[in-house]
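Note: the block below is input-v5.cif and it holds mmCIF, C-alpha atoms.
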```cif
data_final
#
loop_
_atom_site.label_atom_id
_atom_site.label_comp_id
_atom_site.auth_asym_id
_atom_site.auth_seq_id
_atom_site.Cartn_x
_atom_site.Cartn_y
_atom_site.Cartn_z
CA MET J 177 120.09 105.39 98.77
CA ILE J 178 117.39 107.41 97.09
CA GLY J 179 113.98 106.81 95.56
CA ASN J 180 111.59 109.13 93.79
CA ASP J 181 108.11 109.00 92.31
CA ILE J 182 106.12 111.39 90.16
CA ILE J 183 102.35 111.33 89.60
CA ASP J 184 100.72 113.15 86.70
CA LEU J 185 97.42 114.20 88.29
CA LYS J 186 95.60 114.51 84.95
CA GLN J 187 96.68 111.00 83.99
CA ALA J 188 95.70 109.71 87.44
CA ALA J 189 92.24 111.27 86.99
CA LYS J 190 91.88 109.52 83.61
CA ASP J 191 92.96 106.22 85.12
CA SER J 192 90.48 106.48 88.02
CA PRO J 193 87.08 107.72 86.85
CA ASP J 194 84.71 109.55 89.22
CA SER J 195 82.69 106.42 89.86
CA TYR J 196 85.85 104.83 91.27
CA ARG J 197 86.39 107.71 93.69
CA ASP J 198 82.91 107.40 95.21
CA GLY J 199 81.11 104.70 97.10
CA LYS J 200 82.06 101.10 97.78
CA ARG J 201 84.69 100.74 95.04
CA TYR J 202 86.56 103.76 96.39
CA GLN J 203 86.43 102.44 99.95
CA ARG J 204 87.72 99.05 98.80
CA PHE J 205 90.62 100.83 97.08
CA LEU J 206 91.40 102.80 100.26
CA ASP J 207 91.21 99.65 102.40
CA LYS J 208 93.53 97.79 100.04
CA VAL J 209 96.21 100.50 99.77
CA PHE J 210 96.10 102.66 102.92
CA THR J 211 96.29 101.95 106.64
CA LYS J 212 93.54 103.21 108.95
CA LYS J 213 95.84 106.04 110.07
CA GLU J 214 96.44 107.08 106.43
CA GLN J 215 92.73 106.84 105.65
CA GLN J 216 92.12 109.26 108.53
CA LEU J 217 94.64 111.69 107.00
CA ILE J 218 92.82 111.43 103.68
CA SER J 219 89.40 111.83 105.26
CA ASN J 220 90.45 114.93 107.24
CA SER J 221 92.08 116.71 104.29
CA LYS J 222 90.55 119.50 102.21
CA ASP J 223 91.68 117.87 98.96
CA GLN J 224 91.31 114.14 99.52
CA TYR J 225 92.18 113.25 95.94
CA GLN J 226 95.53 115.04 96.14
CA VAL J 227 96.35 113.47 99.51
CA VAL J 228 95.64 109.99 98.12
CA TRP J 229 98.22 110.57 95.39
CA LEU J 230 100.67 112.29 97.75
CA LEU J 231 100.66 109.27 100.06
CA TRP J 232 100.95 106.88 97.10
CA SER J 233 103.92 108.87 95.77
CA MET J 234 105.64 108.79 99.18
CA LYS J 235 105.10 105.03 99.39
CA GLU J 236 106.52 104.46 95.90
CA ALA J 237 109.63 106.58 96.61
CA ALA J 238 110.28 104.82 99.94
CA TYR J 239 109.65 101.41 98.36
CA LYS J 240 112.42 102.10 95.82
CA VAL J 241 114.87 102.79 98.65
CA ASN J 242 113.73 99.67 100.51
CA VAL J 243 114.32 97.50 97.42
CA GLN J 244 117.85 98.90 97.09
CA GLN J 245 118.47 98.41 100.81
CA PHE J 246 117.19 94.84 101.16
CA GLY J 247 117.23 93.50 97.59
CA LYS J 248 113.65 92.21 97.64
CA ARG J 249 110.52 93.32 95.83
CA PHE J 250 107.04 92.96 97.31
CA PHE J 251 103.54 94.27 96.71
CA ASN J 252 101.74 95.17 99.88
CA PRO J 253 101.02 98.93 100.03
CA LYS J 254 99.66 98.69 103.60
CA ARG J 255 103.07 97.42 104.73
CA LEU J 256 104.22 101.01 104.12
CA GLU J 257 102.77 103.65 106.44
CA CYS J 258 103.09 107.38 105.76
CA GLU J 259 103.20 110.31 108.14
CA LEU J 260 103.00 113.92 107.00
CA PHE J 261 104.90 116.71 108.72
CA TYR J 262 105.44 120.36 107.82
CA ASN J 263 107.11 121.96 104.78
CA ASN J 264 106.24 119.02 102.51
CA LYS J 265 108.26 116.65 104.68
CA GLY J 266 107.14 113.23 105.80
CA GLN J 267 108.27 109.75 106.57
CA VAL J 268 107.34 106.25 105.54
CA THR J 269 107.79 103.23 107.78
CA ILE J 270 108.30 99.78 106.25
CA ASP J 271 108.67 96.94 108.74
CA GLY J 272 110.20 99.31 111.33
CA ASN J 273 112.59 100.96 108.84
CA LEU J 274 112.22 104.73 108.42
CA TYR J 275 112.45 106.55 105.09
CA PHE J 276 112.37 110.34 105.03
CA THR J 277 110.43 112.05 102.27
CA LEU J 278 110.26 115.47 100.68
CA SER J 279 107.34 116.10 98.34
CA MET J 280 106.22 118.81 95.97
CA ALA J 281 102.59 119.10 94.93
CA THR J 282 101.31 121.31 92.12
CA GLU J 283 98.05 121.37 90.21
CA GLU J 284 99.70 119.19 87.55
CA PHE J 285 101.80 116.66 89.45
CA ILE J 286 103.09 115.33 92.76
CA HIS J 287 106.78 114.47 93.14
CA SER J 288 108.21 112.71 96.19
CA ILE J 289 111.80 111.83 97.06
CA ALA J 290 112.79 109.37 99.81
CA THR J 291 116.14 108.86 101.53
CA LEU J 292 117.48 106.99 104.56
CA GLU J 293 118.52 110.19 106.35
CA PRO J 294 116.33 113.28 106.81
CA GLU J 295 118.91 115.81 105.61
CA HIS J 296 120.62 114.02 102.72
CA TYR J 297 121.88 116.26 99.92
CA PHE J 298 120.56 115.13 96.56
CA LYS J 299 120.02 116.40 93.05
CA SER J 300 116.60 116.01 91.53
CA ALA J 301 114.78 117.24 88.44
CA TRP J 302 111.38 116.81 86.87
CA PHE J 303 110.20 117.75 83.42
CA LYS J 304 107.30 117.39 81.03
CA VAL J 305 107.67 114.92 78.17
CA GLU J 306 106.00 115.01 74.77
CA SER J 307 105.53 111.28 74.20
CA LEU J 308 103.42 109.00 76.37
CA ASP J 309 105.28 105.97 75.00
CA TYR J 310 107.05 104.17 77.88
CA LYS J 311 110.25 103.37 75.97
CA THR J 312 110.55 106.92 74.61
CA GLN J 313 110.01 108.39 78.07
CA SER J 314 112.57 106.05 79.60
CA LYS J 315 115.16 106.89 76.95
CA THR J 316 114.55 110.65 77.34
CA LEU J 317 114.79 110.39 81.12
CA LYS J 318 118.13 108.58 81.03
CA LYS J 319 119.48 111.02 78.43
CA LYS J 320 118.51 114.05 80.55
CA LEU J 321 120.15 112.54 83.63
CA LEU J 322 123.40 111.83 81.80
CA GLU J 323 123.39 115.32 80.24
CA SER J 324 122.91 116.90 83.67
CA LEU J 325 126.00 115.12 85.01
CA ASN J 326 128.08 116.31 82.06
CA ILE J 327 130.73 113.59 82.39
CA ASP J 328 132.00 111.57 79.42
CA PHE J 329 131.90 107.78 79.43
CA LEU J 330 129.00 107.43 81.86
CA GLU J 331 126.73 104.47 81.34
CA LEU J 332 123.45 103.45 82.96
CA ARG J 333 122.57 99.82 83.60
CA LYS J 334 119.93 98.11 85.69
CA ASP J 335 120.53 95.35 88.20
CA SER J 336 118.41 92.19 88.43
CA LEU J 337 115.74 94.08 90.41
CA GLY J 338 115.56 96.90 87.86
CA VAL J 339 117.46 99.38 90.06
CA PRO J 340 119.48 101.81 87.90
CA ILE J 341 123.25 101.78 88.41
CA LEU J 342 125.71 104.34 87.10
CA PHE J 343 129.06 103.24 85.64
CA LEU J 344 132.10 105.27 84.62
CA GLU J 345 134.29 103.40 82.11
CA SER J 346 132.79 100.07 83.26
CA GLN J 347 133.43 100.84 86.97
CA GLU J 348 130.29 100.93 89.14
CA LEU J 349 129.96 104.26 90.95
CA ASP J 350 128.77 104.59 94.54
CA ILE J 351 125.90 106.85 93.50
CA SER J 352 122.25 106.11 94.08
CA ILE J 353 119.83 106.97 91.26
CA SER J 354 116.07 106.79 90.93
CA PHE J 355 113.85 107.28 87.90
CA SER J 356 110.11 107.82 87.62
CA HIS J 357 107.65 108.71 84.91
CA HIS J 358 103.88 108.86 84.76
CA GLY J 359 101.64 110.44 82.17
CA SER J 360 103.34 113.57 80.84
CA PHE J 361 105.96 113.89 83.58
CA SER J 362 109.34 112.32 84.27
CA SER J 363 111.79 112.78 87.12
CA TYR J 364 115.13 111.60 88.39
CA SER J 365 116.97 111.89 91.69
CA ILE J 366 120.65 111.31 92.49
CA LEU J 367 122.29 110.83 95.90
#
```
Structure re-expressed in structure tokens:
Amino acid sequence: MIGNDIIDLKQAAKDSPDSYRDGKRYQRFLDKVFTKKEQQLISNSKDQYQVVWLLWSMKEAAYKVNVQQFGKRFFNPKRLECELFYNNKGQVTIDGNLYFTLSMATEEFIHSIATLEPEHYFKSAWFKVESLDYKTQSKTLKKKLLESLNIDFLELRKDSLGVPILFLESQELDISISFSHHGSFSSYSIL
């Protein structure tokens, strides 16, 4: 199983004005979303803003795997705890279950991928999109994924939880897929 998340840092900055990043409102946000251990990571970092979004991206990617694994959605960001390692690697723990992450951070975006095993082989891509319209982005993302696979008669559907499933001539394939888009960026991952 695979999950991925992409954060457009410019869009994130627009969505969280400076006043939100300072003072009591910012601390309430940190307390609501991050464990004490994660808050220490943020506090000790040179670029706290980027670490906030890196940890959020890791949580989102791991959450997508957890939903596939256990078939239940929940909203409790502190139930997910991140650890950062070297070479953009990390792990997220959810109720004792480990999810291994690989992240890429640039000045424009942060992209994280989560899997159940630390050395899973996967295919992943990210790209910039022209439209900020959700439906247009979603359609473009699915089209790019299907084009990258270059196989006729592939179809994408979503299950009752919104998890994408790939079909070949109406037969469900044993392939895990994850989509993400935020602001001007979209990404997909395949395991």
Exercise. What separation in Å, quoted to one decimal, exists between CA of Ser192 (chain J) and CA of Ser300 (chain J)?
Worked result: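 Those two atoms sit 28.0 Å apart.
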Problem set entry | Polymer residues at most 7 Å from Asn264 (chain J), all atoms listed in the file, same-chain spacing of 3 or more positions, as a PyMOL selection string | chain J and resi 261+278-280
Exercise. Skipping near chain neighbours, those fewer than 5 positions away, what residues fall within 10 Å of Ser360 (chain J) using only C-alpha atoms, listed as a list in words?
Worked result: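 Returned residues: Ile182, Ile183, Asp184, Leu185, Lys186, Gln187, Glu284, Phe285, Phe303, Lys304, Val305, Glu306, Ser307, Leu308, Asp309 and Gln313 of chain J.
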Exercise. Nearest to Ala238 (chain J): which of J:Val268, J:Cys258, J:Leu337, J:Leu322 is it, counting all atoms listed in the file?
Worked result: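 Looking at the shortest contact to Ala238 (chain J), the residue is J:Val268.
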Per residue of region 259-360 of chain J within 9 Å of region 217-229 of chain J, which atom pair is closest and at what distance in Å (one decimal), using only C-alpha atoms, listed by chain and increasing number, as a Markdown table?
```
| residue | atom | partner | partner_atom | distance |
| --- | --- | --- | --- | --- |
| J:Glu259 | CA | J:Leu217 | CA | 8.7 |
| J:Leu260 | CA | J:Leu217 | CA | 8.7 |
| J:Ala281 | CA | J:Gln226 | CA | 8.2 |
| J:Ile286 | CA | J:Trp229 | CA | 7.3 |
```
For this session: For Pro340 (chain J), work out the shell of residues within 12 Å, counting all atoms listed in the file and skipping chain neighbours fewer than 2 positions away, then give it as an MDAnalysis selection string.
Result: chainID J and resid 177:179 240:241 243:244 314 317:318 321 331:338 342:343 348:356 364:366
Problem set entry | Distance of CA of Thr277 (chain J) from CA of Ile289 (chain J), expressed in Å to one decimal place |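 About the pair CA of Ile289 (chain J) and CA of Thr277 (chain J): they are 5.4 Å apart.
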Problem set entry | Asn252 (chain J) surroundings by all atoms listed in the file, 12 Å radius, close-in-sequence under 6 positions cut, as a PyMOL selection string | chain J and resi 207-211+235-236+239+270-271
Problem set entry | Computed interatomic separation between CA of Phe276 (chain J) and CA of Glu293 (chain J) (Å) | 6.3 Å
For this session: Identify all residues satisfying the PyMOL selection byres ((chain J and resi 302) around 6) in the given file; provide them as a list in words.
Result: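 Residues picked by the PyMOL selection byres ((chain J and resi 302) around 6): Ala301, Phe303, Ser362 and Ser363 of chain J.
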